[in-house]
Amino acid sequence: MVNTEKTKRYEELLLQIQGLTDGETEQVSVLANVAAAIHEAMGFWWTGFYLVKGELLVLGPFQGPVACYRIKHGRGVCGTAWARRETVVVPDVEQFPGHIACSSLSRSEIVVPVFGASSRVCAVLDIDSRELGTFDDTDARYLERIAQMVSAAVFTATE
């Protein structure tokens, strides 16, 4: 069953993200505004980016409570999405082996890799919810499109 309200919010969000990324190349600024736009439009608990720095994901711009500074490759949901090079949807973080609890209030999570021009993962978009089962295929599809827009703006030109 398609959630038409969620789809409508994402369609409006895509237009906003397009406006925020068109012609912009300042990485921190774009990531900060994209995280803020997603967070405001969708009402998630935590929305942000982790940037690939060597063998670590390092905390980037975000909206929400304080977060973990660094995550190792393959660890937790973020490190797993990076290692697998694919979106990971977790309906219940307590059931995810090796989940890193930056906040005990987080109950479900989605992490989307952001690729650069060489198809290398440059960052991940991490979103947490205080509710179980928040994220589905609709979220994955739209957030992957947003990750592509971010990539085109600030990661493909820097590689």
# chains A, B, ... in the order shown; residues from 1 in each chain; ligands from 1
call {"tool": "closest_atom_pairs", "arguments": {"of": "range 72-121 of chain A", "to": "range 50-58 of chain A", "cutoff": "12 Å", "atoms": "only C-alpha atoms", "output": "tab-separated table"}}
result
residue	atom	partner	partner_atom	distance
A:Lys72	CA	A:Leu56	CA	4.8
A:His73	CA	A:Glu55	CA	5.8
A:Gly74	CA	A:Leu56	CA	9.4
A:Arg75	CA	A:Leu56	CA	9.7
A:Gly76	CA	A:Leu57	CA	11.0
A:Val77	CA	A:Leu57	CA	11.5
A:Cys78	CA	A:Leu57	CA	8.1
A:Gly79	CA	A:Leu57	CA	7.3
A:Thr80	CA	A:Leu57	CA	11.0
A:Ala81	CA	A:Leu57	CA	11.1
A:Trp82	CA	A:Leu57	CA	8.7
A:Ala83	CA	A:Glu55	CA	10.4
A:Val111	CA	A:Tyr50	CA	10.0
A:Val112	CA	A:Tyr50	CA	10.4
A:Pro113	CA	A:Tyr50	CA	9.6
A:Val114	CA	A:Leu51	CA	9.2
A:Phe115	CA	A:Val52	CA	10.5
A:Gly116	CA	A:Val52	CA	11.0
A:Arg120	CA	A:Val52	CA	9.7
A:Val121	CA	A:Val52	CA	7.3
call {"tool": "write_last_selection", "arguments": {"atoms": "all heavy atoms", "output": "tab-separated table (two decimals), in the first residue's frame"}}
result
chain	number	residue	atom	x	y	z
A	72	LYS	N	33.33	2.90	12.51
A	72	LYS	CA	34.24	2.09	11.71
A	72	LYS	C	33.53	1.45	10.53
A	72	LYS	O	32.33	1.15	10.59
A	72	LYS	CB	34.88	1.01	12.57
A	72	LYS	CG	35.82	1.55	13.62
A	72	LYS	CD	36.45	0.43	14.42
A	72	LYS	CE	37.39	1.00	15.47
A	72	LYS	NZ	37.95	-0.06	16.31
A	73	HIS	N	34.29	1.20	9.48
A	73	HIS	CA	33.79	0.52	8.28
A	73	HIS	C	33.19	-0.83	8.68
A	73	HIS	O	33.81	-1.60	9.42
A	73	HIS	CB	34.95	0.31	7.29
A	73	HIS	CG	34.51	-0.20	5.98
A	73	HIS	ND1	34.60	-1.53	5.65
A	73	HIS	CD2	33.99	0.42	4.90
A	73	HIS	CE1	34.15	-1.69	4.42
A	73	HIS	NE2	33.78	-0.52	3.95
A	74	GLY	N	31.95	-1.06	8.24
A	74	GLY	CA	31.29	-2.33	8.52
A	74	GLY	C	30.61	-2.42	9.89
A	74	GLY	O	29.98	-3.42	10.19
A	75	ARG	N	30.72	-1.38	10.72
A	75	ARG	CA	30.14	-1.41	12.05
A	75	ARG	C	28.82	-0.65	12.10
A	75	ARG	O	28.68	0.40	11.47
A	75	ARG	CB	31.10	-0.77	13.07
A	75	ARG	CG	32.43	-1.45	13.25
A	75	ARG	CD	32.38	-2.70	14.12
A	75	ARG	NE	31.60	-2.56	15.33
A	75	ARG	CZ	32.02	-2.06	16.47
A	75	ARG	NH1	33.24	-1.62	16.59
A	75	ARG	NH2	31.22	-2.00	17.51
A	76	GLY	N	27.87	-1.16	12.86
A	76	GLY	CA	26.58	-0.51	13.00
A	76	GLY	C	25.84	-0.42	11.67
A	76	GLY	O	26.27	-0.98	10.66
A	77	VAL	N	24.74	0.28	11.67
A	77	VAL	CA	23.93	0.40	10.45
A	77	VAL	C	24.66	1.26	9.42
A	77	VAL	O	24.73	0.93	8.24
A	77	VAL	CB	22.53	0.97	10.76
A	77	VAL	CG1	21.69	1.05	9.50
A	77	VAL	CG2	21.82	0.12	11.82
A	78	CYS	N	25.27	2.36	9.88
A	78	CYS	CA	25.98	3.25	8.95
A	78	CYS	C	27.17	2.55	8.30
A	78	CYS	O	27.34	2.60	7.07
A	78	CYS	CB	26.46	4.51	9.67
A	78	CYS	SG	25.13	5.63	10.12
A	79	GLY	N	28.00	1.92	9.11
A	79	GLY	CA	29.17	1.22	8.57
A	79	GLY	C	28.79	0.05	7.69
A	79	GLY	O	29.49	-0.27	6.73
A	80	THR	N	27.66	-0.58	7.98
A	80	THR	CA	27.16	-1.69	7.15
A	80	THR	C	26.69	-1.19	5.79
A	80	THR	O	27.02	-1.78	4.76
A	80	THR	CB	26.03	-2.44	7.89
A	80	THR	OG1	26.56	-2.98	9.11
A	80	THR	CG2	25.46	-3.55	7.03
A	81	ALA	N	25.95	-0.08	5.77
A	81	ALA	CA	25.50	0.49	4.49
A	81	ALA	C	26.71	0.89	3.64
A	81	ALA	O	26.72	0.69	2.42
A	81	ALA	CB	24.59	1.69	4.73
A	82	TRP	N	27.73	1.44	4.28
A	82	TRP	CA	28.96	1.82	3.58
A	82	TRP	C	29.64	0.57	3.00
A	82	TRP	O	29.99	0.54	1.82
A	82	TRP	CB	29.86	2.55	4.56
A	82	TRP	CG	31.23	2.94	4.08
A	82	TRP	CD1	31.65	3.10	2.79
A	82	TRP	CD2	32.36	3.22	4.89
A	82	TRP	NE1	32.97	3.47	2.76
A	82	TRP	CE2	33.43	3.56	4.05
A	82	TRP	CE3	32.58	3.23	6.27
A	82	TRP	CZ2	34.70	3.90	4.52
A	82	TRP	CZ3	33.84	3.58	6.74
A	82	TRP	CH2	34.88	3.90	5.88
A	83	ALA	N	29.80	-0.46	3.82
A	83	ALA	CA	30.47	-1.67	3.37
A	83	ALA	C	29.69	-2.39	2.27
A	83	ALA	O	30.27	-2.88	1.29
A	83	ALA	CB	30.69	-2.62	4.56
A	111	VAL	N	19.81	4.08	6.36
A	111	VAL	CA	21.08	4.67	5.97
A	111	VAL	C	21.26	4.48	4.48
A	111	VAL	O	21.11	3.37	3.96
A	111	VAL	CB	22.27	4.05	6.74
A	111	VAL	CG1	23.58	4.68	6.30
A	111	VAL	CG2	22.08	4.21	8.25
A	112	VAL	N	21.56	5.59	3.78
A	112	VAL	CA	21.69	5.60	2.33
A	112	VAL	C	23.10	6.04	1.96
A	112	VAL	O	23.53	7.12	2.37
A	112	VAL	CB	20.67	6.58	1.70
A	112	VAL	CG1	20.81	6.62	0.19
A	112	VAL	CG2	19.25	6.22	2.11
A	113	PRO	N	23.84	5.22	1.20
A	113	PRO	CA	25.18	5.65	0.77
A	113	PRO	C	25.09	6.78	-0.26
A	113	PRO	O	24.15	6.84	-1.05
A	113	PRO	CB	25.80	4.40	0.16
A	113	PRO	CG	24.68	3.49	-0.13
A	113	PRO	CD	23.52	3.88	0.73
A	114	VAL	N	26.08	7.67	-0.21
A	114	VAL	CA	26.21	8.75	-1.17
A	114	VAL	C	27.50	8.48	-1.94
A	114	VAL	O	28.57	8.41	-1.35
A	114	VAL	CB	26.28	10.13	-0.48
A	114	VAL	CG1	26.40	11.24	-1.51
A	114	VAL	CG2	25.07	10.35	0.42
A	115	PHE	N	27.36	8.33	-3.26
A	115	PHE	CA	28.49	7.94	-4.10
A	115	PHE	C	29.11	9.15	-4.79
A	115	PHE	O	28.42	10.10	-5.13
A	115	PHE	CB	28.04	6.94	-5.17
A	115	PHE	CG	27.55	5.65	-4.61
A	115	PHE	CD1	26.19	5.44	-4.38
A	115	PHE	CD2	28.43	4.63	-4.30
A	115	PHE	CE1	25.72	4.24	-3.85
A	115	PHE	CE2	27.98	3.42	-3.76
A	115	PHE	CZ	26.62	3.24	-3.55
A	116	GLY	N	30.42	9.06	-5.02
A	116	GLY	CA	31.12	10.07	-5.81
A	116	GLY	C	31.20	9.63	-7.26
A	116	GLY	O	30.65	8.59	-7.65
A	120	ARG	N	32.74	5.52	-5.62
A	120	ARG	CA	33.22	5.30	-4.26
A	120	ARG	C	32.21	5.92	-3.31
A	120	ARG	O	31.68	7.01	-3.58
A	120	ARG	CB	34.59	5.97	-4.11
A	120	ARG	CG	35.22	5.85	-2.73
A	120	ARG	CD	36.58	6.53	-2.71
A	120	ARG	NE	36.50	7.98	-2.87
A	120	ARG	CZ	36.31	8.83	-1.87
A	120	ARG	NH1	36.16	8.39	-0.63
A	120	ARG	NH2	36.27	10.13	-2.09
A	121	VAL	N	31.93	5.25	-2.19
A	121	VAL	CA	31.05	5.84	-1.18
A	121	VAL	C	31.82	6.97	-0.51
A	121	VAL	O	32.91	6.77	0.03
A	121	VAL	CB	30.60	4.79	-0.14
A	121	VAL	CG1	29.75	5.46	0.94
A	121	VAL	CG2	29.82	3.67	-0.80
call {"tool": "residues_around", "arguments": {"residues": "Asp22 in chain A", "least_positions_apart": "6", "cutoff": "10 Å", "atoms": "only C-alpha atoms", "output": "mmCIF file with N, CA, C and O atoms, in the first residue's frame"}}
result
data_model
loop_
_atom_site.group_PDB
_atom_site.id
_atom_site.type_symbol
_atom_site.label_atom_id
_atom_site.label_comp_id
_atom_site.auth_asym_id
_atom_site.auth_seq_id
_atom_site.Cartn_x
_atom_site.Cartn_y
_atom_site.Cartn_z
ATOM 1 N N VAL A 30 25.898 22.608 1.704
ATOM 2 C CA VAL A 30 24.883 21.772 1.052
ATOM 3 C C VAL A 30 24.414 20.675 1.991
ATOM 4 O O VAL A 30 23.208 20.454 2.155
ATOM 5 N N MET A 149 21.282 13.645 -5.736
ATOM 6 C CA MET A 149 21.323 15.092 -5.914
ATOM 7 C C MET A 149 22.486 15.697 -5.124
ATOM 8 O O MET A 149 23.205 16.574 -5.624
ATOM 9 N N VAL A 150 22.674 15.220 -3.913
ATOM 10 C CA VAL A 150 23.789 15.685 -3.078
ATOM 11 C C VAL A 150 25.111 15.304 -3.744
ATOM 12 O O VAL A 150 26.037 16.126 -3.833
ATOM 13 N N ALA A 152 25.785 14.794 -6.903
ATOM 14 C CA ALA A 152 26.016 15.622 -8.087
ATOM 15 C C ALA A 152 26.494 17.016 -7.710
ATOM 16 O O ALA A 152 27.326 17.609 -8.407
ATOM 17 N N ALA A 153 26.010 17.539 -6.585
ATOM 18 C CA ALA A 153 26.373 18.887 -6.169
ATOM 19 C C ALA A 153 27.762 18.969 -5.560
ATOM 20 O O ALA A 153 28.539 19.852 -5.905
#
call {"tool": "residues_around", "arguments": {"residues": "range 3-8 of chain A", "least_positions_apart": "5", "cutoff": "9 Å", "atoms": "only C-alpha atoms", "output": "VMD selection string"}}
result
chain A and resid 13 42 138 to 139 142
call {"tool": "select_by_dssp", "arguments": {"residues": "chain A", "states": "helix (DSSP H, G or I)", "output": "JSON, numbers by chain"}}
result
{"A": [4, 5, 6, 7, 8, 9, 10, 11, 12, 13, 14, 15, 16, 17, 18, 19, 20, 21, 27, 28, 29, 30, 31, 32, 33, 34, 35, 36, 37, 38, 39, 40, 41, 42, 76, 77, 78, 79, 80, 81, 82, 83, 84, 93, 94, 95, 137, 138, 139, 140, 141, 142, 143, 144, 145, 146, 147, 148, 149, 150, 151, 152, 153, 154, 155]}
call {"tool": "residues_around", "arguments": {"residues": "Gly48 in chain A", "least_positions_apart": "5", "cutoff": "7 Å", "atoms": "only C-alpha atoms", "output": "ChimeraX atom specification"}}
result
/A:35,60-63,125-127
call {"tool": "closest_residue", "arguments": {"among": "A:Thr87, A:Tyr69, A:Leu31, A:Pro97", "to": "Glu144 in chain A", "atoms": "only C-alpha atoms"}}
result
A:Thr87
call {"tool": "select_by_dssp", "arguments": {"residues": "range 13-70 of chain A", "states": "strand (DSSP E or B)", "output": "list in words"}}
result
Trp46, Thr47, Gly48, Phe49, Tyr50, Leu51, Val52, Lys53, Leu56, Leu57, Val58, Leu59, Gly60, Pro61, Phe62, Gln63 and Arg70 of chain A
call {"tool": "write_last_selection", "arguments": {"atoms": "all heavy atoms", "output": "CSV table (one decimal), in the first residue's frame"}}
result
chain,number,residue,atom,x,y,z
A,46,TRP,N,16.4,12.1,14.0
A,46,TRP,CA,17.8,12.5,13.8
A,46,TRP,C,18.0,12.4,12.3
A,46,TRP,O,17.7,11.4,11.7
A,46,TRP,CB,18.8,11.6,14.5
A,46,TRP,CG,20.2,12.2,14.6
A,46,TRP,CD1,20.7,12.9,15.6
A,46,TRP,CD2,21.2,12.0,13.6
A,46,TRP,NE1,22.0,13.3,15.3
A,46,TRP,CE2,22.4,12.7,14.1
A,46,TRP,CE3,21.3,11.3,12.4
A,46,TRP,CZ2,23.6,12.7,13.4
A,46,TRP,CZ3,22.5,11.4,11.7
A,46,TRP,CH2,23.6,12.1,12.2
A,47,THR,N,18.7,13.4,11.7
A,47,THR,CA,18.9,13.4,10.2
A,47,THR,C,20.3,14.0,10.0
A,47,THR,O,20.5,15.1,10.4
A,47,THR,CB,17.9,14.3,9.5
A,47,THR,OG1,16.5,13.9,9.9
A,47,THR,CG2,18.0,14.2,8.0
A,48,GLY,N,21.2,13.2,9.3
A,48,GLY,CA,22.5,13.8,9.1
A,48,GLY,C,23.3,13.0,8.2
A,48,GLY,O,23.0,11.9,7.7
A,49,PHE,N,24.5,13.5,8.0
A,49,PHE,CA,25.5,12.8,7.2
A,49,PHE,C,26.8,12.4,8.0
A,49,PHE,O,27.2,13.1,8.9
A,49,PHE,CB,26.0,13.8,6.1
A,49,PHE,CG,24.9,14.1,5.1
A,49,PHE,CD1,24.1,15.2,5.2
A,49,PHE,CD2,24.7,13.3,3.9
A,49,PHE,CE1,23.1,15.4,4.3
A,49,PHE,CE2,23.7,13.5,3.0
A,49,PHE,CZ,22.9,14.6,3.2
A,50,TYR,N,27.3,11.3,7.6
A,50,TYR,CA,28.7,10.9,8.0
A,50,TYR,C,29.5,10.9,6.8
A,50,TYR,O,29.1,10.3,5.7
A,50,TYR,CB,28.6,9.5,8.7
A,50,TYR,CG,28.2,9.5,10.1
A,50,TYR,CD1,26.8,9.4,10.4
A,50,TYR,CD2,29.1,9.7,11.1
A,50,TYR,CE1,26.4,9.4,11.8
A,50,TYR,CE2,28.7,9.7,12.5
A,50,TYR,CZ,27.3,9.6,12.8
A,50,TYR,OH,26.9,9.6,14.1
A,51,LEU,N,30.7,11.4,6.9
A,51,LEU,CA,31.6,11.5,5.7
A,51,LEU,C,32.7,10.5,5.8
A,51,LEU,O,33.3,10.2,6.9
A,51,LEU,CB,32.3,12.9,5.7
A,51,LEU,CG,31.3,14.1,5.7
A,51,LEU,CD1,32.0,15.4,5.9
A,51,LEU,CD2,30.5,14.1,4.4
A,52,VAL,N,33.1,9.8,4.7
A,52,VAL,CA,34.1,8.9,4.7
A,52,VAL,C,35.5,9.6,4.8
A,52,VAL,O,35.8,10.4,4.0
A,52,VAL,CB,34.1,8.0,3.4
A,52,VAL,CG1,35.3,7.1,3.3
A,52,VAL,CG2,32.8,7.2,3.3
A,53,LYS,N,36.2,9.2,5.8
A,53,LYS,CA,37.6,9.7,6.0
A,53,LYS,C,38.5,8.5,6.3
A,53,LYS,O,38.5,8.0,7.4
A,53,LYS,CB,37.6,10.7,7.2
A,53,LYS,CG,36.7,11.8,7.1
A,53,LYS,CD,37.2,12.9,6.2
A,53,LYS,CE,36.2,14.1,6.2
A,53,LYS,NZ,36.5,15.1,5.2
A,56,LEU,N,37.1,5.4,8.3
A,56,LEU,CA,36.1,5.8,9.3
A,56,LEU,C,35.0,6.6,8.6
A,56,LEU,O,35.3,7.3,7.6
A,56,LEU,CB,36.7,6.6,10.4
A,56,LEU,CG,37.7,6.0,11.4
A,56,LEU,CD1,38.3,7.0,12.3
A,56,LEU,CD2,37.0,4.9,12.2
A,57,LEU,N,33.8,6.6,9.2
A,57,LEU,CA,32.8,7.6,8.9
A,57,LEU,C,32.9,8.6,10.0
A,57,LEU,O,32.9,8.3,11.2
A,57,LEU,CB,31.4,6.9,8.9
A,57,LEU,CG,31.1,6.0,7.8
A,57,LEU,CD1,29.7,5.3,8.1
A,57,LEU,CD2,31.0,6.7,6.5
A,58,VAL,N,33.0,9.9,9.6
A,58,VAL,CA,33.1,11.0,10.6
A,58,VAL,C,31.9,11.8,10.5
A,58,VAL,O,31.4,12.2,9.5
A,58,VAL,CB,34.4,11.8,10.3
A,58,VAL,CG1,34.5,13.0,11.3
A,58,VAL,CG2,35.6,10.9,10.4
A,59,LEU,N,31.4,12.2,11.7
A,59,LEU,CA,30.1,13.0,11.8
A,59,LEU,C,30.2,14.3,11.0
A,59,LEU,O,31.2,15.0,11.1
A,59,LEU,CB,29.9,13.3,13.3
A,59,LEU,CG,28.6,14.1,13.6
A,59,LEU,CD1,27.4,13.4,13.2
A,59,LEU,CD2,28.6,14.5,15.1
A,60,GLY,N,29.2,14.5,10.2
A,60,GLY,CA,29.1,15.7,9.4
A,60,GLY,C,27.9,16.5,9.8
A,60,GLY,O,27.4,16.3,10.9
A,61,PRO,N,27.4,17.4,9.0
A,61,PRO,CA,26.2,18.2,9.3
A,61,PRO,C,25.0,17.3,9.6
A,61,PRO,O,24.8,16.3,9.0
A,61,PRO,CB,26.0,19.0,8.1
A,61,PRO,CG,27.3,19.1,7.4
A,61,PRO,CD,28.0,17.8,7.7
A,62,PHE,N,24.3,17.7,10.7
A,62,PHE,CA,23.1,17.0,11.1
A,62,PHE,C,22.1,17.9,11.8
A,62,PHE,O,22.4,19.0,12.2
A,62,PHE,CB,23.5,15.8,12.0
A,62,PHE,CG,24.0,16.2,13.3
A,62,PHE,CD1,23.1,16.2,14.4
A,62,PHE,CD2,25.3,16.5,13.6
A,62,PHE,CE1,23.5,16.6,15.7
A,62,PHE,CE2,25.7,16.8,14.8
A,62,PHE,CZ,24.9,16.9,15.9
A,63,GLN,N,20.9,17.3,12.0
A,63,GLN,CA,19.8,17.9,12.8
A,63,GLN,C,19.4,16.9,13.8
A,63,GLN,O,19.2,15.7,13.5
A,63,GLN,CB,18.6,18.3,11.9
A,63,GLN,CG,18.9,19.3,10.9
A,63,GLN,CD,19.0,20.7,11.4
A,63,GLN,OE1,18.1,21.1,12.2
A,63,GLN,NE2,20.1,21.4,11.2
A,70,ARG,N,32.6,9.1,15.4
A,70,ARG,CA,33.2,8.2,14.4
A,70,ARG,C,32.6,6.8,14.4
A,70,ARG,O,32.2,6.3,15.4
A,70,ARG,CB,34.7,8.0,14.7
A,70,ARG,CG,35.5,9.3,14.4
A,70,ARG,CD,36.9,9.2,15.0
A,70,ARG,NE,37.5,10.5,15.1
A,70,ARG,CZ,37.3,11.4,16.1
A,70,ARG,NH1,36.5,11.1,17.1
A,70,ARG,NH2,37.9,12.6,16.0
